[in-house]
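*Asks:* First the structure, which I've put down as C-alpha cells, then a few questions once you've had a look.
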Amino acid sequence: MNATTYAWLVLSIPLAGAAGIALAWRWLPGRTAGWIGSAAIGLAFLNSIGALVMLQDRPAEERHLRSALWDYANTSGIEVQLDIFVDPLAVFMCLVVTGVSFLIHVYSAAYMAGDRGYARYFSYLNFFVFSMLLLVLAGNFILLIVGWAFVGFASYALISFWYRRRTATYAGMKAFVINVVGDVGLVLAAILLQRDTGRLDYPGVFETAPRVFETNEWVIVAVCLLLLLGAFAKSAQIPLHTWLADAMEGPTPVSALIHAATMVTAGVYLIARMHPLFELAPTAADISAAIGALTLVFAASVALVVTDLKRIIAYSTISQIGYMVMGVSIAAYGAGMFHLMTHAFFKALMFMAAGSVIAAMAGSQDIDRMSGLRRAMPFTFAAFLVAALALAAFPGLSGYFSKDEVLAFAAERGGAYWLLYVAGTLAALMTAFYAFRIVFRVFGGEPNAEARELEGGHLHHAEPANPVTGEPEDTDVGYPGPAHHIAEREFPMKAAMGLLAVLSVVAGALQIPGVTHVVEGFLDTTFEDSRFIDTEVSGGLEALALIVGAATGLAGIALAWLLYVRNPGATTRLARRLPRLHGFLAHKWYFDELYDRTIVRPTAALGRFSADVFERVVVGGLVSGTTFAVRAGNSIVRVAQTGLLRNYALLLVTGVTALALYFLVVSR
Amino acid sequence: MDIVWYLVLSALIFSIGAVGVLTRRSPLVVLICLELMLNAGNLALVAFARMTGTADGQIFALIVMIVAAAEVVVGLGLIVAMYRNRVPMDVDELSELRG
C-alpha cells in the first residue's frame with residue numbers, strides 16, 4: 001500500500017470508532033466501549049507506522065505526498081479538494097498523536113469505568129483523535145480550519161463532559177470562546193493568503209508566497225500574526241492562555257490527552273507547518289518567540305504557588321509549550337518537535353499518575369490535603385517520579401535533551417536571542433522546583449488519613465463534591481462516578497503508565513547532541529527549504545546548554561528538597577513574608593481579573609444595556625409603533641366592512657358606474 | 001333597426017335588476033334580479049354580435065347563460081340551506097362579516 005492509503009486509514013478508523021460507539025452504545029455492556037475505542041486508536045497507530053515505513057522507502061526528495069479524494073469546495077476562483085498532505089512532519093505528528101492517544105485510551109478504559117457517560121466519553125475521545133489527525137494531515141487551509149474547529153469542539157465537549165457540574169460547563173464555554181478567537185485569526189489569515197497568492201493548498205501557497213511577498217512586507221507579517229492568534233489560542237500562550245487551567249474541570253485522562261499531550265501542541269505544529277511563511281516574516285517569528293519565552297516564565301512562576309494538583313500540571317503544560325513555541329519560532333524545528341514528543345510522553349504520564357492520586361483521594365485535588373502517599377501507592381509514586389524527573393530535565397531523561405536543544409539553538413542564533421536562553425533557563429529552575437514540590441508534598445511526609453486507609457487495603461470514599469468549589473455534586477452525570485480506580489489495582493492503567501514511563505526515560509536517546517539525531521534527520525525533508533536548515537549548534541554551546549540545564553534541574557530539585565523536606569513550613573513563612581509577590585502569583589499575574597475588567601464586564605454591561613434599554617426602547621418601540629400604525633389604518637378600513645350585502649352591492653354598482661362614466665368622459 | 005334601441009332596452013332591464021338587488025331584502029328576489037342583470041348583458045352582447053356580423057358576442061352570451069345556470073344552482077342551494085336551518089330570510093340579517 002501507498003503511504004497516503006495508510007494515512008487515509010489513519011484518518012478514517014478513529015472516525016468509524018466514534019460513530020460506531022455513538023450509534024451502538026446501548027448494546028455495549030461493561031467496558032466494551034472502552035476497548036472498542038482503544039482498538040480503533042491502536043489500529044490508527046499501526047497504520048501510522050505503515051505510513052512511516054512507506055515514506056521512509058522513498059528517496060528523501062520524494063517524501064511530500066498529496067492525495068485528493070474529491071472536490072471539497074469549487075467556486076469562483078477557489079479550488080479546494082478533500083486532500084491530505086503526507087510528509088515527515090505530518091507522519092511524525094500522527095505517530096505521536098495516535099501513540100499517546102492509544103495509551104490514554106487504554107488507561108481510560110479502566111479509569112473511567114463506573115462513570116455513567118462511559119460510552120459517550122469514548123465516542124468523544126475517538127472523535128477528538130480523528131479531528132486532531134485531520135488537523136495534522138490536512139493538505140490545504142480549508143481542511144486545516146475544519147480540523148482546527150473540530151478539535152475545539154471536541155475539547156469543549158470533553159471539558160464539560162460532566163455537564164451537571166456548573167464549573168465544568170463554564171470552563172467548557174470559556175475554552176470554546178477563546179478557541180473561536182483563534183479560529184477567526186486562522187480564517188482571516190487564509191483569506192489574506194488566498195487574496196494574494198490565489199492558492200489555498202500548502203505546496204501552492206508555500207511556492208507562491210516568496211514570489212508574491214517581500215521579506216517582512218506588512219501583509220505577510222499580518223498573515224503570520226493572524227496565524228499566531230490561532231496558534232496561541234490552541235496552545236494556551238499569553239494572552240490567550242486563561243482557558244487551559246479551567247479546562248482541568250474535565251476528566252483527568254482528557255487533561256492528559258487533550259490538554260497536555262496533543263491538542264495544545266497544535267499551535268506548535270501550525271508554526272512548524274507554516275515555516276516558509278514565518279521565515280518570510282521574521283518580525284512575526286520573533287514576536288512569537290518572545291511571547292513563548294514570556295509564557296514559559298509566567299506559567300512556571302504561577303505553578304510555584306497553585307495548590308490544585310491538576311492546575312499545577314496545567315500551568316506546567318503552558319510553560320512547556322512555551323519552550324516548543326519558542327523553538328519552532330527561532331527555526332529550531334527539529335528540537336521543538338522533539339520537545340513536543342518527549343513532553344507528550346512525560347506530561348501524559350504525569351497526568352495519569354495524578355489521576356490515580358485523585359482517585360485515591362476520592363476526588364480531592366488539593367495538594368494541601370495530600371501527604372505521604374508514597375508507601376500506599378508505590379507504582380503511582382514511581383511513575384510520577386519518572387515524569388517529574390523528565391519534566392525537571394534530570395540529566396539523561398528525555399526532557400533533558402529536548403529542552404536543552406531548544407535553548408542551545410537560541411544561544412546559537414546569538415544577539416537578543418540570548419534573552420530567550422536566559423528566560424528558558426530561569427523557567428527550567430522553577431520547573432524543577434514545582435515538579436518536586438508536588439513529589440515531596442504529595443508522596444513525601446507523614447501518611448494522611450487516606451494514605452493510611454489505603455495502606456490498610458481500603459480505598460477511601462467520600463461524598464462526591466466539586467473539587468474547586470466544594471459544593472455537593474449532582475450524582476447524575478456531574479461527577480466521576482461512584483467507583484474510583486487507582487493504578488495499583490487496574491492492570492490497563494498500570495500497563496499504559498509503565499509504557500509511558502519507559503518512553504519518558506529512553507526517548508531522549510533518539511536525539512543526543514553529537515551522538516544521534518533521529519528526529520531531526522527524519523524531519524529534515526519537511527524543513528529542507530528553510531534558511532536555517534544548515535545551522536548547526538556549535539559543540540561549545542551544546543555542551544554549555546547541557547551543563548547549565550543539568551545544573552538548573554538539579555538545583556531546582558535540591559531547592560525543593562531544602563524547602564519542603566529539610567525545613568517544612570519554610571514556604572508558608574516565605575509566603576507570609578512576601579504577601580504581595582505571593583498574591584501576584586496566586587492570582588496568576590491577575591490575567592483573569594484583567595480580562596474580567598476589560599472584556600467580560602464591559603461585554604456583560606453592553607448586554608445588559610441591550611436588554612434593558614436598546615431592546616425595550618428601540619426594538620420595542622419599533623414593534624409597538626408598527627402595530628399602532630396597522631391598527632390605526634385598519635380602524636378606518638373596518639368602517640366599510642358592514643357585513644350588509646346590499647351595501648356591498650351598492651358600492652359595486654357605484655364603482656362600476658363611476659368607472660364607466662370616467663371612460664365615457666375621457667374617450668370624448 | 002338601429003342598435004341603440006336594443007342597448008336602451010338592455011340598460012333599462014339592467015337598471016331594474018340593479019335597483020332590485022339594492023332595495024329588496026328577500027334573497028330569492030335578489031337572485032331573480034341578478035338574473036335580470038345578466039340577461040340584460042346577454043341582450044347587449046347579442047345585439048353587438050348582430051351589428052358586427054361575427055359570432056363572438058353570441059358565444060359570449062352562451063357562456064354567460066352557463067354561468068347564470070351555475071349561479072342559480074349555488075344560490076338556490078344556499079337559500080334552501082338557509083330555510084332548512086331556520087335562518088331568517090333577510091339579507092340584512094346576514095351581517096356576520098361586519099369588521
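So you can find residues: chains in the C-alpha cells are A, B, ... in the order shown, residues in each start at 1, and ligands are numbered from 1 in order.
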Using the chain letters and numbers from this document, which residues of segment 223-293 of chain A does DSSP assign to alpha helix (DSSP H), as a PDB file with C-alpha atoms, in the first residue's frame?
*Replies:*
ATOM      1  CA  VAL A 223      -0.831  36.791   7.933  1.00  0.00           C
ATOM      2  CA  CYS A 224       1.713  35.342  10.334  1.00  0.00           C
ATOM      3  CA  LEU A 225       0.351  37.304  13.279  1.00  0.00           C
ATOM      4  CA  LEU A 226      -3.150  36.054  12.486  1.00  0.00           C
ATOM      5  CA  LEU A 227      -1.823  32.508  12.290  1.00  0.00           C
ATOM      6  CA  LEU A 228      -0.179  33.117  15.649  1.00  0.00           C
ATOM      7  CA  LEU A 229      -3.537  34.212  17.056  1.00  0.00           C
ATOM      8  CA  GLY A 230      -4.881  30.789  16.124  1.00  0.00           C
ATOM      9  CA  ALA A 231      -1.783  29.008  17.401  1.00  0.00           C
ATOM     10  CA  PHE A 232      -1.775  30.879  20.709  1.00  0.00           C
ATOM     11  CA  ALA A 233      -5.461  30.233  21.340  1.00  0.00           C
ATOM     12  CA  LYS A 234      -4.999  26.489  20.826  1.00  0.00           C
ATOM     13  CA  SER A 235      -1.670  26.271  22.571  1.00  0.00           C
ATOM     14  CA  THR A 242      -6.538  31.533  30.579  1.00  0.00           C
ATOM     15  CA  TRP A 243      -8.753  28.691  29.405  1.00  0.00           C
ATOM     16  CA  LEU A 244      -6.284  25.871  29.925  1.00  0.00           C
ATOM     17  CA  ALA A 245      -6.201  25.946  33.722  1.00  0.00           C
ATOM     18  CA  ASP A 246     -10.011  25.884  33.840  1.00  0.00           C
ATOM     19  CA  THR A 252      -8.165  13.551  34.179  1.00  0.00           C
ATOM     20  CA  PRO A 253      -7.366  11.325  31.156  1.00  0.00           C
ATOM     21  CA  VAL A 254      -8.827  14.108  28.989  1.00  0.00           C
ATOM     22  CA  SER A 255      -6.425  16.527  30.597  1.00  0.00           C
ATOM     23  CA  ALA A 256      -3.651  14.086  29.807  1.00  0.00           C
ATOM     24  CA  ALA A 266      -1.478  22.067  17.577  1.00  0.00           C
ATOM     25  CA  GLY A 267      -0.186  25.636  17.682  1.00  0.00           C
ATOM     26  CA  VAL A 268       3.397  24.369  17.652  1.00  0.00           C
ATOM     27  CA  TYR A 269       2.569  22.152  14.693  1.00  0.00           C
ATOM     28  CA  LEU A 270       0.949  25.100  12.912  1.00  0.00           C
ATOM     29  CA  ILE A 271       4.037  27.280  13.278  1.00  0.00           C
ATOM     30  CA  ALA A 272       6.274  24.434  12.124  1.00  0.00           C
ATOM     31  CA  ARG A 273       3.988  23.683   9.177  1.00  0.00           C
ATOM     32  CA  HIS A 275       7.634  27.822   8.480  1.00  0.00           C
ATOM     33  CA  PRO A 276       8.029  29.089   4.894  1.00  0.00           C
ATOM     34  CA  LEU A 277       5.673  31.955   5.761  1.00  0.00           C
ATOM     35  CA  PHE A 278       7.300  32.680   9.104  1.00  0.00           C
ATOM     36  CA  GLU A 279      10.719  32.793   7.507  1.00  0.00           C
ATOM     37  CA  LEU A 280       9.330  35.430   5.140  1.00  0.00           C
ATOM     38  CA  PRO A 282      10.992  37.264  10.700  1.00  0.00           C
ATOM     39  CA  THR A 283       9.307  40.000  12.732  1.00  0.00           C
ATOM     40  CA  ALA A 284       6.304  37.786  13.397  1.00  0.00           C
ATOM     41  CA  ALA A 285       8.578  34.842  14.203  1.00  0.00           C
ATOM     42  CA  ASP A 286      10.496  36.980  16.703  1.00  0.00           C
ATOM     43  CA  ILE A 287       7.266  38.175  18.316  1.00  0.00           C
ATOM     44  CA  SER A 288       6.179  34.557  18.599  1.00  0.00           C
ATOM     45  CA  ALA A 289       9.474  33.529  20.185  1.00  0.00           C
ATOM     46  CA  ALA A 290       9.297  36.418  22.656  1.00  0.00           C
ATOM     47  CA  ILE A 291       5.740  35.513  23.644  1.00  0.00           C
ATOM     48  CA  GLY A 292       6.751  31.880  24.014  1.00  0.00           C
ATOM     49  CA  ALA A 293       9.568  32.936  26.362  1.00  0.00           C
TER      50      ALA A 293
END
*Asks:* Determine which residues of chain A sit within 12 Å of chain B, taking into account only C-alpha atoms, and present them as a list in words.
*Replies:*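 The answer, sorted by residue number, is Asn634, Ser635, Ile636, Val637, Arg638, Val639, Ala640, Gln641, Thr642, Gly643, Leu644, Leu645, Arg646, Asn647, Tyr648, Ala649, Leu650, Leu651, Leu652, Val653, Thr654, Val656 and Thr657 of chain A.
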*Asks:* Please, what distance in Å, to one decimal, runs between atom CA of Phe663 of chain A and atom CA of Thr54 of chain B?
*Replies:*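 We find that atom CA of Phe663 of chain A and atom CA of Thr54 of chain B lie 25.2 Å from each other.
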*Asks:* Using only C-alpha atoms, which residues sit within 7 Å of Leu45 of chain B once same-chain residues fewer than 3 positions away are excluded, as a list in words?
*Replies:* Gly41, Asn42, Phe48, Ala49, Gly57, Gln58 and Ala61 of chain B
*Asks:* Keeping C-alpha atoms for every residue in the selection just given, could you write it to a file as a CSV table (one decimal), in the first residue's frame?
*Replies:*
chain,number,residue,atom,x,y,z
B,41,GLY,CA,-76.0,41.9,-20.5
B,42,ASN,CA,-76.8,39.0,-22.8
B,48,PHE,CA,-73.4,43.8,-30.8
B,49,ALA,CA,-72.9,40.4,-32.4
B,57,GLY,CA,-70.8,38.0,-28.9
B,58,GLN,CA,-73.2,35.1,-29.3
B,61,ALA,CA,-73.9,35.1,-24.3
*Asks:* Taking only C-alpha atoms into account, name the residue in B:Cys33, B:Leu38, B:Leu28, B:Val73 that is nearest to Ser10 of chain B.
*Replies:*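 Going through B:Cys33, B:Leu38, B:Leu28, B:Val73 one by one, the smallest distance to Ser10 of chain B is for B:Leu38.
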*Asks:* What is the atom CA of Gly514 of chain A to atom CA of Gly498 of chain A distance in Å?
*Replies:* 29.1 Å
